[in-house]
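Source file query.cif; content: mmCIF, C-alpha atoms and all ligand atoms.
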data_structure
#
loop_
_atom_site.group_PDB
_atom_site.id
_atom_site.type_symbol
_atom_site.label_atom_id
_atom_site.label_comp_id
_atom_site.auth_asym_id
_atom_site.auth_seq_id
_atom_site.Cartn_x
_atom_site.Cartn_y
_atom_site.Cartn_z
ATOM 1 C CA MET A 832 0.000 0.000 0.000
ATOM 2 C CA LEU A 833 1.134 3.559 -0.657
ATOM 3 C CA ASN A 834 0.917 5.374 2.659
ATOM 4 C CA ILE A 835 1.798 9.047 2.933
ATOM 5 C CA ALA A 836 1.972 10.569 6.425
ATOM 6 C CA ILE A 837 1.638 14.322 6.906
ATOM 7 C CA ASP A 838 2.063 15.801 10.357
ATOM 8 C CA GLY A 839 2.316 19.359 11.528
ATOM 9 C CA PRO A 840 0.725 22.080 13.660
ATOM 10 C CA ALA A 841 -2.799 23.472 13.281
ATOM 11 C CA GLY A 842 -3.241 25.700 10.246
ATOM 12 C CA ALA A 843 -0.128 24.578 8.361
ATOM 13 C CA GLY A 844 -2.315 23.560 5.424
ATOM 14 C CA LYS A 845 -2.175 19.816 6.015
ATOM 15 C CA SER A 846 -5.742 19.043 4.999
ATOM 16 C CA THR A 847 -5.737 21.285 1.900
ATOM 17 C CA ILE A 848 -2.469 19.750 0.715
ATOM 18 C CA ALA A 849 -3.463 16.203 1.612
ATOM 19 C CA LYS A 850 -6.720 16.546 -0.332
ATOM 20 C CA MET A 851 -4.845 17.769 -3.391
ATOM 21 C CA VAL A 852 -2.286 14.961 -3.220
ATOM 22 C CA ALA A 853 -5.057 12.378 -2.729
ATOM 23 C CA LYS A 854 -6.899 13.675 -5.788
ATOM 24 C CA ASP A 855 -3.761 13.826 -7.960
ATOM 25 C CA LEU A 856 -2.714 10.283 -7.012
ATOM 26 C CA ASN A 857 -6.274 8.923 -6.923
ATOM 27 C CA ILE A 858 -5.956 7.619 -3.358
ATOM 28 C CA ILE A 859 -8.029 8.358 -0.265
ATOM 29 C CA TYR A 860 -7.467 11.149 2.223
ATOM 30 C CA VAL A 861 -7.765 10.171 5.876
ATOM 31 C CA ASP A 862 -8.271 13.148 8.162
ATOM 32 C CA THR A 863 -7.469 11.922 11.683
ATOM 33 C CA GLY A 864 -8.107 15.336 13.263
ATOM 34 C CA SER A 865 -11.788 14.874 12.376
ATOM 35 C CA MET A 866 -11.846 11.624 14.311
ATOM 36 C CA TYR A 867 -10.489 13.383 17.413
ATOM 37 C CA ARG A 868 -13.001 16.160 16.852
ATOM 38 C CA ALA A 869 -15.841 13.613 16.605
ATOM 39 C CA VAL A 870 -14.869 12.084 19.943
ATOM 40 C CA ALA A 871 -14.671 15.579 21.494
ATOM 41 C CA LEU A 872 -18.109 16.437 20.112
ATOM 42 C CA TYR A 873 -19.505 13.239 21.570
ATOM 43 C CA LEU A 874 -18.026 14.099 24.986
ATOM 44 C CA LEU A 875 -19.329 17.682 24.888
ATOM 45 C CA ARG A 876 -22.783 16.495 23.907
ATOM 46 C CA SER A 877 -22.729 13.885 26.660
ATOM 47 C CA GLY A 878 -21.980 16.600 29.230
ATOM 48 C CA VAL A 879 -18.634 15.066 30.210
ATOM 49 C CA ASP A 880 -16.164 17.460 31.869
ATOM 50 C CA ILE A 881 -13.412 17.389 29.229
ATOM 51 C CA HIS A 882 -10.793 18.310 31.826
ATOM 52 C CA ASP A 883 -11.632 15.267 33.953
ATOM 53 C CA GLU A 884 -9.293 12.633 32.519
ATOM 54 C CA ALA A 885 -10.936 9.694 34.266
ATOM 55 C CA ALA A 886 -14.381 10.717 33.036
ATOM 56 C CA VAL A 887 -13.083 11.236 29.478
ATOM 57 C CA SER A 888 -11.344 7.835 29.543
ATOM 58 C CA ALA A 889 -14.489 6.090 30.733
ATOM 59 C CA ALA A 890 -16.822 7.821 28.287
ATOM 60 C CA CYS A 891 -14.773 7.905 25.075
ATOM 61 C CA THR A 892 -15.289 4.268 24.176
ATOM 62 C CA GLY A 893 -19.007 5.065 23.880
ATOM 63 C CA ALA A 894 -18.203 6.942 20.669
ATOM 64 C CA ASP A 895 -18.189 4.374 17.882
ATOM 65 C CA ILE A 896 -16.375 6.246 15.120
ATOM 66 C CA THR A 897 -16.470 5.056 11.515
ATOM 67 C CA ILE A 898 -15.694 6.789 8.270
ATOM 68 C CA ALA A 899 -17.090 6.619 4.748
ATOM 69 C CA TYR A 900 -16.420 8.457 1.499
ATOM 70 C CA GLU A 901 -19.057 10.405 -0.394
ATOM 71 C CA ASN A 902 -17.868 11.832 -3.731
ATOM 72 C CA GLY A 903 -14.321 11.392 -2.491
ATOM 73 C CA SER A 904 -14.880 13.418 0.638
ATOM 74 C CA GLN A 905 -14.463 11.878 4.087
ATOM 75 C CA GLN A 906 -17.571 11.662 6.251
ATOM 76 C CA VAL A 907 -17.244 10.867 9.941
ATOM 77 C CA TYR A 908 -19.965 8.916 11.688
ATOM 78 C CA CYS A 909 -20.397 8.701 15.440
ATOM 79 C CA ASN A 910 -22.758 5.983 16.602
ATOM 80 C CA GLY A 911 -24.355 5.958 13.163
ATOM 81 C CA GLU A 912 -24.872 9.741 12.873
ATOM 82 C CA ASN A 913 -22.956 11.701 10.239
ATOM 83 C CA VAL A 914 -21.372 14.382 12.463
ATOM 84 C CA THR A 915 -19.130 15.885 9.748
ATOM 85 C CA PRO A 916 -21.005 19.238 9.598
ATOM 86 C CA PHE A 917 -20.297 19.940 13.283
ATOM 87 C CA LEU A 918 -16.608 19.094 13.421
ATOM 88 C CA ARG A 919 -15.015 22.343 12.233
ATOM 89 C CA GLU A 920 -16.642 24.492 14.923
ATOM 90 C CA GLU A 921 -14.073 26.383 17.035
ATOM 91 C CA GLU A 922 -15.481 24.910 20.256
ATOM 92 C CA THR A 923 -15.061 21.349 19.003
ATOM 93 C CA GLY A 924 -11.464 22.019 17.892
ATOM 94 C CA LYS A 925 -10.541 23.447 21.275
ATOM 95 C CA ALA A 926 -12.111 20.508 23.098
ATOM 96 C CA ALA A 927 -10.356 18.060 20.739
ATOM 97 C CA SER A 928 -6.991 19.573 21.627
ATOM 98 C CA VAL A 929 -7.706 18.781 25.290
ATOM 99 C CA THR A 930 -9.271 15.335 24.938
ATOM 100 C CA SER A 931 -6.791 14.075 22.320
ATOM 101 C CA ALA A 932 -4.121 14.210 25.044
ATOM 102 C CA VAL A 933 -5.913 11.452 26.961
ATOM 103 C CA PRO A 934 -4.289 8.029 26.335
ATOM 104 C CA ALA A 935 -7.632 6.178 26.248
ATOM 105 C CA VAL A 936 -8.891 8.485 23.494
ATOM 106 C CA ARG A 937 -5.784 7.843 21.403
ATOM 107 C CA ALA A 938 -5.940 4.093 21.968
ATOM 108 C CA HIS A 939 -9.603 4.151 20.941
ATOM 109 C CA LEU A 940 -8.777 5.670 17.515
ATOM 110 C CA LEU A 941 -5.380 4.118 16.767
ATOM 111 C CA GLN A 942 -6.576 0.776 15.401
ATOM 112 C CA LEU A 943 -9.173 2.410 13.144
ATOM 113 C CA GLN A 944 -6.419 4.580 11.636
ATOM 114 C CA LYS A 945 -3.995 1.663 11.213
ATOM 115 C CA ASN A 946 -6.688 -0.468 9.569
ATOM 116 C CA LEU A 947 -7.599 2.244 7.059
ATOM 117 C CA ALA A 948 -3.966 2.552 6.002
ATOM 118 C CA ALA A 949 -3.472 -1.214 5.819
ATOM 119 C CA GLU A 950 -6.459 -1.576 3.497
ATOM 120 C CA ASN A 951 -6.130 1.526 1.306
ATOM 121 C CA ASP A 952 -3.538 3.586 -0.529
ATOM 122 C CA CYS A 953 -3.907 6.814 1.399
ATOM 123 C CA VAL A 954 -2.557 10.117 2.518
ATOM 124 C CA MET A 955 -3.215 10.543 6.232
ATOM 125 C CA ASP A 956 -2.722 13.738 8.202
ATOM 126 C CA GLY A 957 -2.533 14.449 11.911
ATOM 127 C CA ARG A 958 0.059 14.974 14.635
ATOM 128 C CA ASP A 959 1.543 11.516 15.223
ATOM 129 C CA ILE A 960 1.044 9.745 11.903
ATOM 130 C CA GLY A 961 4.715 9.394 10.939
ATOM 131 C CA SER A 962 5.832 8.732 14.500
ATOM 132 C CA VAL A 963 3.142 6.420 15.931
ATOM 133 C CA VAL A 964 0.302 5.478 13.578
ATOM 134 C CA LEU A 965 2.243 4.667 10.382
ATOM 135 C CA PRO A 966 5.932 4.455 11.313
ATOM 136 C CA GLY A 967 6.495 2.432 8.117
ATOM 137 C CA ALA A 968 4.898 4.967 5.735
ATOM 138 C CA LYS A 969 6.722 5.312 2.412
ATOM 139 C CA VAL A 970 6.626 9.100 2.571
ATOM 140 C CA LYS A 971 6.637 11.173 5.751
ATOM 141 C CA VAL A 972 6.271 14.922 5.737
ATOM 142 C CA TYR A 973 6.364 17.437 8.565
ATOM 143 C CA LEU A 974 4.487 20.436 7.245
ATOM 144 C CA THR A 975 4.744 23.716 9.059
ATOM 145 C CA ALA A 976 4.468 27.505 8.617
ATOM 146 C CA SER A 977 5.056 30.460 10.921
ATOM 147 C CA SER A 978 2.302 31.081 13.484
ATOM 148 C CA ALA A 979 1.686 34.554 12.018
ATOM 149 C CA GLU A 980 1.150 33.069 8.556
ATOM 150 C CA ARG A 981 -1.095 30.324 9.907
ATOM 151 C CA ALA A 982 -3.156 32.926 11.791
ATOM 152 C CA ARG A 983 -3.370 35.040 8.635
ATOM 153 C CA ARG A 984 -4.732 32.089 6.641
ATOM 154 C CA ARG A 985 -7.352 31.331 9.301
ATOM 155 C CA PHE A 986 -8.247 35.037 9.499
ATOM 156 C CA GLU A 987 -8.837 35.184 5.725
ATOM 157 C CA GLU A 988 -10.888 31.983 5.846
ATOM 158 C CA LEU A 989 -13.205 33.372 8.544
ATOM 159 C CA LYS A 990 -13.500 36.743 6.806
ATOM 160 C CA ALA A 991 -14.464 35.002 3.565
ATOM 161 C CA ALA A 992 -17.135 33.128 5.542
ATOM 162 C CA GLY A 993 -18.669 36.482 6.533
ATOM 163 C CA GLU A 994 -17.352 36.579 10.100
ATOM 164 C CA ALA A 995 -15.511 39.444 11.812
ATOM 165 C CA PRO A 996 -12.398 37.706 13.126
ATOM 166 C CA ASP A 997 -9.885 39.126 15.594
ATOM 167 C CA PHE A 998 -6.350 38.451 14.277
ATOM 168 C CA ASP A 999 -4.557 38.643 17.637
ATOM 169 C CA ARG A 1000 -7.006 36.247 19.254
ATOM 170 C CA ILE A 1001 -6.623 33.762 16.390
ATOM 171 C CA LYS A 1002 -2.824 33.901 16.643
ATOM 172 C CA GLU A 1003 -2.981 33.406 20.411
ATOM 173 C CA ASP A 1004 -5.321 30.410 20.008
ATOM 174 C CA ILE A 1005 -2.998 28.859 17.423
ATOM 175 C CA GLU A 1006 0.022 29.273 19.675
ATOM 176 C CA LYS A 1007 -1.866 27.841 22.634
ATOM 177 C CA ARG A 1008 -2.944 24.820 20.582
ATOM 178 C CA ASP A 1009 0.627 24.301 19.333
ATOM 179 C CA TYR A 1010 1.856 24.309 22.903
ATOM 180 C CA GLN A 1011 -0.777 21.778 24.019
ATOM 181 C CA ASP A 1012 -0.183 19.481 21.036
ATOM 182 C CA MET A 1013 3.611 19.600 21.419
ATOM 183 C CA HIS A 1014 3.855 19.244 25.185
ATOM 184 C CA ARG A 1015 1.433 16.464 25.993
ATOM 185 C CA GLU A 1016 2.947 13.271 27.350
ATOM 186 C CA ILE A 1017 1.465 10.847 24.870
ATOM 187 C CA SER A 1018 2.034 11.104 21.098
ATOM 188 C CA PRO A 1019 3.088 14.762 21.126
ATOM 189 C CA LEU A 1020 3.400 16.612 17.853
ATOM 190 C CA ILE A 1021 7.002 16.012 16.814
ATOM 191 C CA ARG A 1022 8.842 15.709 13.564
ATOM 192 C CA ALA A 1023 9.661 12.010 13.031
ATOM 193 C CA GLU A 1024 13.386 11.544 12.432
ATOM 194 C CA ASP A 1025 12.810 10.432 8.863
ATOM 195 C CA ALA A 1026 10.139 13.027 8.012
ATOM 196 C CA VAL A 1027 10.928 15.598 5.338
ATOM 197 C CA LEU A 1028 10.454 19.133 6.667
ATOM 198 C CA ILE A 1029 8.407 21.424 4.434
ATOM 199 C CA ASP A 1030 7.892 25.033 5.545
ATOM 200 C CA SER A 1031 4.912 26.353 3.586
ATOM 201 C CA THR A 1032 5.150 29.964 4.835
ATOM 202 C CA ASP A 1033 6.258 31.229 1.422
ATOM 203 C CA MET A 1034 4.986 28.385 -0.755
ATOM 204 C CA THR A 1035 1.772 28.002 -2.719
ATOM 205 C CA ILE A 1036 -0.523 25.015 -2.216
ATOM 206 C CA PRO A 1037 0.320 23.426 -5.612
ATOM 207 C CA GLU A 1038 4.049 23.859 -4.892
ATOM 208 C CA VAL A 1039 3.774 21.943 -1.638
ATOM 209 C CA ALA A 1040 1.625 19.208 -3.209
ATOM 210 C CA ALA A 1041 4.107 18.830 -6.092
ATOM 211 C CA ARG A 1042 6.980 18.489 -3.635
ATOM 212 C CA ILE A 1043 5.178 15.660 -1.805
ATOM 213 C CA GLU A 1044 4.295 13.899 -5.061
ATOM 214 C CA GLU A 1045 7.966 14.100 -6.046
ATOM 215 C CA LEU A 1046 8.873 12.353 -2.785
ATOM 216 C CA CYS A 1047 6.524 9.480 -3.731
ATOM 217 C CA ASN A 1048 8.579 8.841 -6.860
ATOM 218 C CA ASP A 1049 11.940 8.743 -5.080
HETATM 219 O O1 LIG B 1 -5.976 18.865 12.787
HETATM 220 P P1 LIG B 1 -7.194 19.260 13.631
HETATM 221 O O2 LIG B 1 -7.194 20.705 14.024
HETATM 222 O O3 LIG B 1 -8.487 18.831 13.015
HETATM 223 O O4 LIG B 1 -7.038 18.405 14.978
HETATM 224 C C1 LIG B 1 -7.895 18.584 16.075
HETATM 225 C C2 LIG B 1 -7.155 18.237 17.360
HETATM 226 O O5 LIG B 1 -6.887 16.827 17.395
HETATM 227 C C3 LIG B 1 -5.804 18.934 17.516
HETATM 228 O O6 LIG B 1 -5.756 19.695 18.702
HETATM 229 C C4 LIG B 1 -4.778 17.853 17.630
HETATM 230 C C5 LIG B 1 -5.539 16.588 17.739
HETATM 231 N N1 LIG B 1 -5.005 15.547 16.875
HETATM 232 C C6 LIG B 1 -4.148 14.640 17.430
HETATM 233 O O7 LIG B 1 -3.851 14.736 18.612
HETATM 234 N N2 LIG B 1 -3.638 13.632 16.686
HETATM 235 C C7 LIG B 1 -3.938 13.509 15.397
HETATM 236 N N3 LIG B 1 -3.426 12.500 14.693
HETATM 237 C C8 LIG B 1 -4.804 14.459 14.781
HETATM 238 C C9 LIG B 1 -5.317 15.478 15.567
#
Encoded form (structure tokens):
Amino acid sequence: MLNIAIDGPAGAGKSTIAKMVAKDLNIIYVDTGSMYRAVALYLLRSGVDIHDEAAVSAACTGADITIAYENGSQQVYCNGENVTPFLREEETGKAASVTSAVPAVRAHLLQLQKNLAAENDCVMDGRDIGSVVLPGAKVKVYLTASSAERARRRFEELKAAGEAPDFDRIKEDIEKRDYQDMHREISPLIRAEDAVLIDSTDMTIPEVAARIEELCND
């Protein structure tokens, strides 16, 4: 199987790039962040205190997460409900950053991710794909960009969606999430030793995708 692992901080462009690579190579895109978001949504909806690790550990296995593809786009189901439309909300992302640090949550999703990659040619993005989920992936990329550039991209995205975003708050949130993702004990965001570093701060989306596709041919 062709497995491509892309890790990196929030807002580096992982999902945009991964989607483009998946389309170009005609393979599936597995968005693991959405799985963590789906578990977080389940916990929020269940009224679980997301800061109570024991409660999160006990409750998370109640979220039966599965994925399916509709017109090539990943849909995440939680206990049979398609929860995809709710996953990008700011609240869900913040909660996911907290609950994804809980070992039981990670263990709950790890096998699903490994199985998808064992059965499909895929490009998978997340925080620990090259280091933990797919250590044997043919291509491993660590994709990053400066926090100011990542905040700018998010700012433009929200503005285009008709919102009135606050740049400084967005940048602060991004830096806080980076810190949480990089400093947790289990599966922190790190660059795997054999991952190729790509800094997208001054690169276009097609340039980054082309670079990754080149790596597949090496
Ligand atoms: O990439 P994202 O913003 O959708 O991810 C949501 C949260 O899930 C983020 O705080 C980090 C976490 N996550 C993780 O811990 N491991 C992954 N493989 C993917 C995401």
Distance limit 6 Å, reference ligand LIG 1 (chain B), atoms considered: only C-alpha atoms and all ligand atoms. Which residues make the cut? Give them as an MDAnalysis selection string.
chainID A and resid 841 863:865 867:868 924 927:928 931 957:960 1012
Leu872 in chain A surroundings by only C-alpha atoms, 10 Å radius, close-in-sequence under 2 positions cut, as a VMD selection string: chain A and resid 866 to 870 874 to 878 894 909 914 917 to 918 920 922 to 924 926 to 927
Could those selected residues go to a file with C-alpha atoms, as a PDB file, in the coordinates of the input?
ATOM      1  CA  MET A 866     -11.846  11.624  14.311  1.00  0.00           C
ATOM      2  CA  TYR A 867     -10.489  13.383  17.413  1.00  0.00           C
ATOM      3  CA  ARG A 868     -13.001  16.160  16.852  1.00  0.00           C
ATOM      4  CA  ALA A 869     -15.841  13.613  16.605  1.00  0.00           C
ATOM      5  CA  VAL A 870     -14.869  12.084  19.943  1.00  0.00           C
ATOM      6  CA  LEU A 874     -18.026  14.099  24.986  1.00  0.00           C
ATOM      7  CA  LEU A 875     -19.329  17.682  24.888  1.00  0.00           C
ATOM      8  CA  ARG A 876     -22.783  16.495  23.907  1.00  0.00           C
ATOM      9  CA  SER A 877     -22.729  13.885  26.660  1.00  0.00           C
ATOM     10  CA  GLY A 878     -21.980  16.600  29.230  1.00  0.00           C
ATOM     11  CA  ALA A 894     -18.203   6.942  20.669  1.00  0.00           C
ATOM     12  CA  CYS A 909     -20.397   8.701  15.440  1.00  0.00           C
ATOM     13  CA  VAL A 914     -21.372  14.382  12.463  1.00  0.00           C
ATOM     14  CA  PHE A 917     -20.297  19.940  13.283  1.00  0.00           C
ATOM     15  CA  LEU A 918     -16.608  19.094  13.421  1.00  0.00           C
ATOM     16  CA  GLU A 920     -16.642  24.492  14.923  1.00  0.00           C
ATOM     17  CA  GLU A 922     -15.481  24.910  20.256  1.00  0.00           C
ATOM     18  CA  THR A 923     -15.061  21.349  19.003  1.00  0.00           C
ATOM     19  CA  GLY A 924     -11.464  22.019  17.892  1.00  0.00           C
ATOM     20  CA  ALA A 926     -12.111  20.508  23.098  1.00  0.00           C
ATOM     21  CA  ALA A 927     -10.356  18.060  20.739  1.00  0.00           C
TER      22      ALA A 927
END
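Using only C-alpha atoms for every distance, the candidate list A:Ala949, A:Ala991, A:Leu1020, A:Val887 yields A:Leu1020 as the residue closest to Gly961 in chain A.
CA of Val879 in chain A is positioned 27.1 Å from CA of Val861 in chain A.
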(Q) Could you list, as JSON, numbers by chain, every residue within 12 Å of Val964 in chain A, counting all atoms listed in the file and ignoring same-chain residues fewer than 3 positions away? (A) {"A": [834, 835, 836, 837, 838, 863, 937, 938, 940, 941, 942, 943, 944, 945, 946, 947, 948, 949, 955, 956, 957, 958, 959, 960, 961, 967, 968, 971, 1018, 1023]}
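Shortest separation to Tyr860 in chain A among A:Tyr1010, A:Tyr973, A:Tyr900, A:Phe998 occurs at residue A:Tyr900, atoms counted being all atoms listed in the file.
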Please return the centre and edge lengths, in Å to one decimal, of a box with edges along x, y and z that contains all listed atoms of range 955-960 of chain A, widened by 3 Å on every side, as lines of an AutoDock Vina configuration file.
center_x = -0.8
center_y = 12.4
center_z = 10.7
size_x = 10.8
size_y = 11.2
size_z = 15.0
Of A:Gly911, A:Asp997, A:Ala890, A:Thr1035, the one nearest to Thr930 in chain A when counting all atoms listed in the file is A:Ala890
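For the set A:Ala849, A:Ala935, A:Ala982, A:Ala886, the residue with the smallest atom-to-atom gap to Ile1036 in chain A is A:Ala849, counting all atoms listed in the file.
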Q. Quick one: distance from CA of Met851 in chain A to CA of Val970 in chain A in Å, one decimal?
A.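 Between CA of Met851 in chain A and CA of Val970 in chain A the gap works out to 15.6 Å.
Minimum atom-to-atom distances from A:Ile848, A:Ala1041, A:Ile1001, A:Val907 to Glu987 in chain A were compared using only C-alpha atoms, and the lowest value belongs to A:Ile1001.
Within the file as shown, the PyMOL selection byres (((chain A and resi 984) around 12) and not hetatm) identifies Ala841, Gly842, Ala843, Gly844, Thr847, Ala976, Ser977, Ser978, Ala979, Glu980, Arg981, Ala982, Arg983, Arg985, Phe986, Glu987, Glu988, Leu989, Lys990, Ala991, Pro996, Phe998, Ile1001, Lys1002, Ile1005, Ser1031 and Thr1032 of chain A.
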**OP:** Go through A:Leu974, A:Cys1047, A:Ile1021, A:Leu1028 one by one, measure the shortest atom-to-atom distance of each to Ala853 in chain A using only C-alpha atoms, and give the residue with the smallest value.
**Re:**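 Residue with the minimum atom-to-atom distance to Ala853 in chain A: A:Cys1047.
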Students should find that CA of Thr897 in chain A and CA of Asp1009 in chain A are spaced 26.9 Å
Residue contacts of Asp1049 in chain A (10 Å, all atoms listed in the file) excluding same-chain residues fewer than 3 positions away, as a JSON list (two decimals) with C-alpha atoms, in the coordinates of the input:
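Resulting contents of result-v3.json:
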[["chain", "number", "residue", "atom", "x", "y", "z"],
["A", 969, "LYS", "CA", 6.72, 5.31, 2.41],
["A", 970, "VAL", "CA", 6.63, 9.10, 2.57],
["A", 1044, "GLU", "CA", 4.30, 13.90, -5.06],
["A", 1045, "GLU", "CA", 7.97, 14.10, -6.05],
["A", 1046, "LEU", "CA", 8.87, 12.35, -2.78]]
Could range 997-1005 of chain A be completed with all heavy atoms and written as a CSV table (one decimal), keeping the file's coordinate frame, please?
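New file selection.csv:
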chain,number,residue,atom,x,y,z
A,997,ASP,N,-10.9,38.3,14.9
A,997,ASP,CA,-9.9,39.1,15.6
A,997,ASP,C,-8.5,38.4,15.4
A,997,ASP,O,-8.3,37.4,16.0
A,997,ASP,CB,-10.3,39.2,17.1
A,997,ASP,CG,-9.3,39.9,18.0
A,997,ASP,OD1,-8.1,40.0,17.6
A,997,ASP,OD2,-9.7,40.2,19.1
A,998,PHE,N,-7.6,39.1,14.6
A,998,PHE,CA,-6.4,38.5,14.3
A,998,PHE,C,-5.5,38.0,15.5
A,998,PHE,O,-5.0,36.9,15.6
A,998,PHE,CB,-5.5,39.4,13.4
A,998,PHE,CG,-4.2,38.8,13.0
A,998,PHE,CD1,-4.1,37.9,11.9
A,998,PHE,CD2,-3.0,39.1,13.7
A,998,PHE,CE1,-2.9,37.4,11.5
A,998,PHE,CE2,-1.8,38.5,13.3
A,998,PHE,CZ,-1.8,37.6,12.3
A,999,ASP,N,-5.4,38.9,16.5
A,999,ASP,CA,-4.6,38.6,17.6
A,999,ASP,C,-5.1,37.4,18.4
A,999,ASP,O,-4.3,36.6,18.9
A,999,ASP,CB,-4.5,39.9,18.6
A,999,ASP,CG,-3.7,41.0,17.9
A,999,ASP,OD1,-2.8,40.6,17.0
A,999,ASP,OD2,-3.9,42.2,18.2
A,1000,ARG,N,-6.4,37.4,18.5
A,1000,ARG,CA,-7.0,36.2,19.3
A,1000,ARG,C,-6.7,34.9,18.5
A,1000,ARG,O,-6.4,33.9,19.1
A,1000,ARG,CB,-8.5,36.5,19.4
A,1000,ARG,CG,-9.0,36.2,20.8
A,1000,ARG,CD,-10.5,35.8,20.9
A,1000,ARG,NE,-10.6,34.3,20.5
A,1000,ARG,CZ,-11.6,33.8,19.9
A,1000,ARG,NH1,-12.6,34.6,19.5
A,1000,ARG,NH2,-11.7,32.5,19.7
A,1001,ILE,N,-6.9,35.0,17.2
A,1001,ILE,CA,-6.6,33.8,16.4
A,1001,ILE,C,-5.2,33.3,16.6
A,1001,ILE,O,-4.9,32.1,16.8
A,1001,ILE,CB,-6.9,34.0,14.9
A,1001,ILE,CG1,-8.4,34.3,14.7
A,1001,ILE,CG2,-6.5,32.9,14.0
A,1001,ILE,CD1,-8.7,34.7,13.3
A,1002,LYS,N,-4.2,34.3,16.5
A,1002,LYS,CA,-2.8,33.9,16.6
A,1002,LYS,C,-2.5,33.3,18.0
A,1002,LYS,O,-1.8,32.3,18.2
A,1002,LYS,CB,-2.0,35.1,16.4
A,1002,LYS,CG,-0.5,34.9,16.3
A,1002,LYS,CD,0.3,36.0,15.6
A,1002,LYS,CE,1.8,35.8,15.7
A,1002,LYS,NZ,2.3,36.3,17.0
A,1003,GLU,N,-3.1,33.9,19.0
A,1003,GLU,CA,-3.0,33.4,20.4
A,1003,GLU,C,-3.5,32.0,20.5
A,1003,GLU,O,-2.9,31.1,21.1
A,1003,GLU,CB,-3.8,34.3,21.4
A,1003,GLU,CG,-3.0,35.1,22.3
A,1003,GLU,CD,-3.9,36.1,23.0
A,1003,GLU,OE1,-4.9,35.7,23.6
A,1003,GLU,OE2,-3.6,37.3,22.9
A,1004,ASP,N,-4.7,31.7,20.0
A,1004,ASP,CA,-5.3,30.4,20.0
A,1004,ASP,C,-4.4,29.4,19.3
A,1004,ASP,O,-4.3,28.3,19.8
A,1004,ASP,CB,-6.7,30.4,19.3
A,1004,ASP,CG,-7.8,30.9,20.2
A,1004,ASP,OD1,-7.5,31.1,21.4
A,1004,ASP,OD2,-8.9,31.0,19.8
A,1005,ILE,N,-3.9,29.8,18.2
A,1005,ILE,CA,-3.0,28.9,17.4
A,1005,ILE,C,-1.8,28.5,18.3
A,1005,ILE,O,-1.4,27.4,18.3
A,1005,ILE,CB,-2.6,29.5,16.1
A,1005,ILE,CG1,-3.8,29.4,15.1
A,1005,ILE,CG2,-1.3,28.9,15.5
A,1005,ILE,CD1,-3.5,29.8,13.7
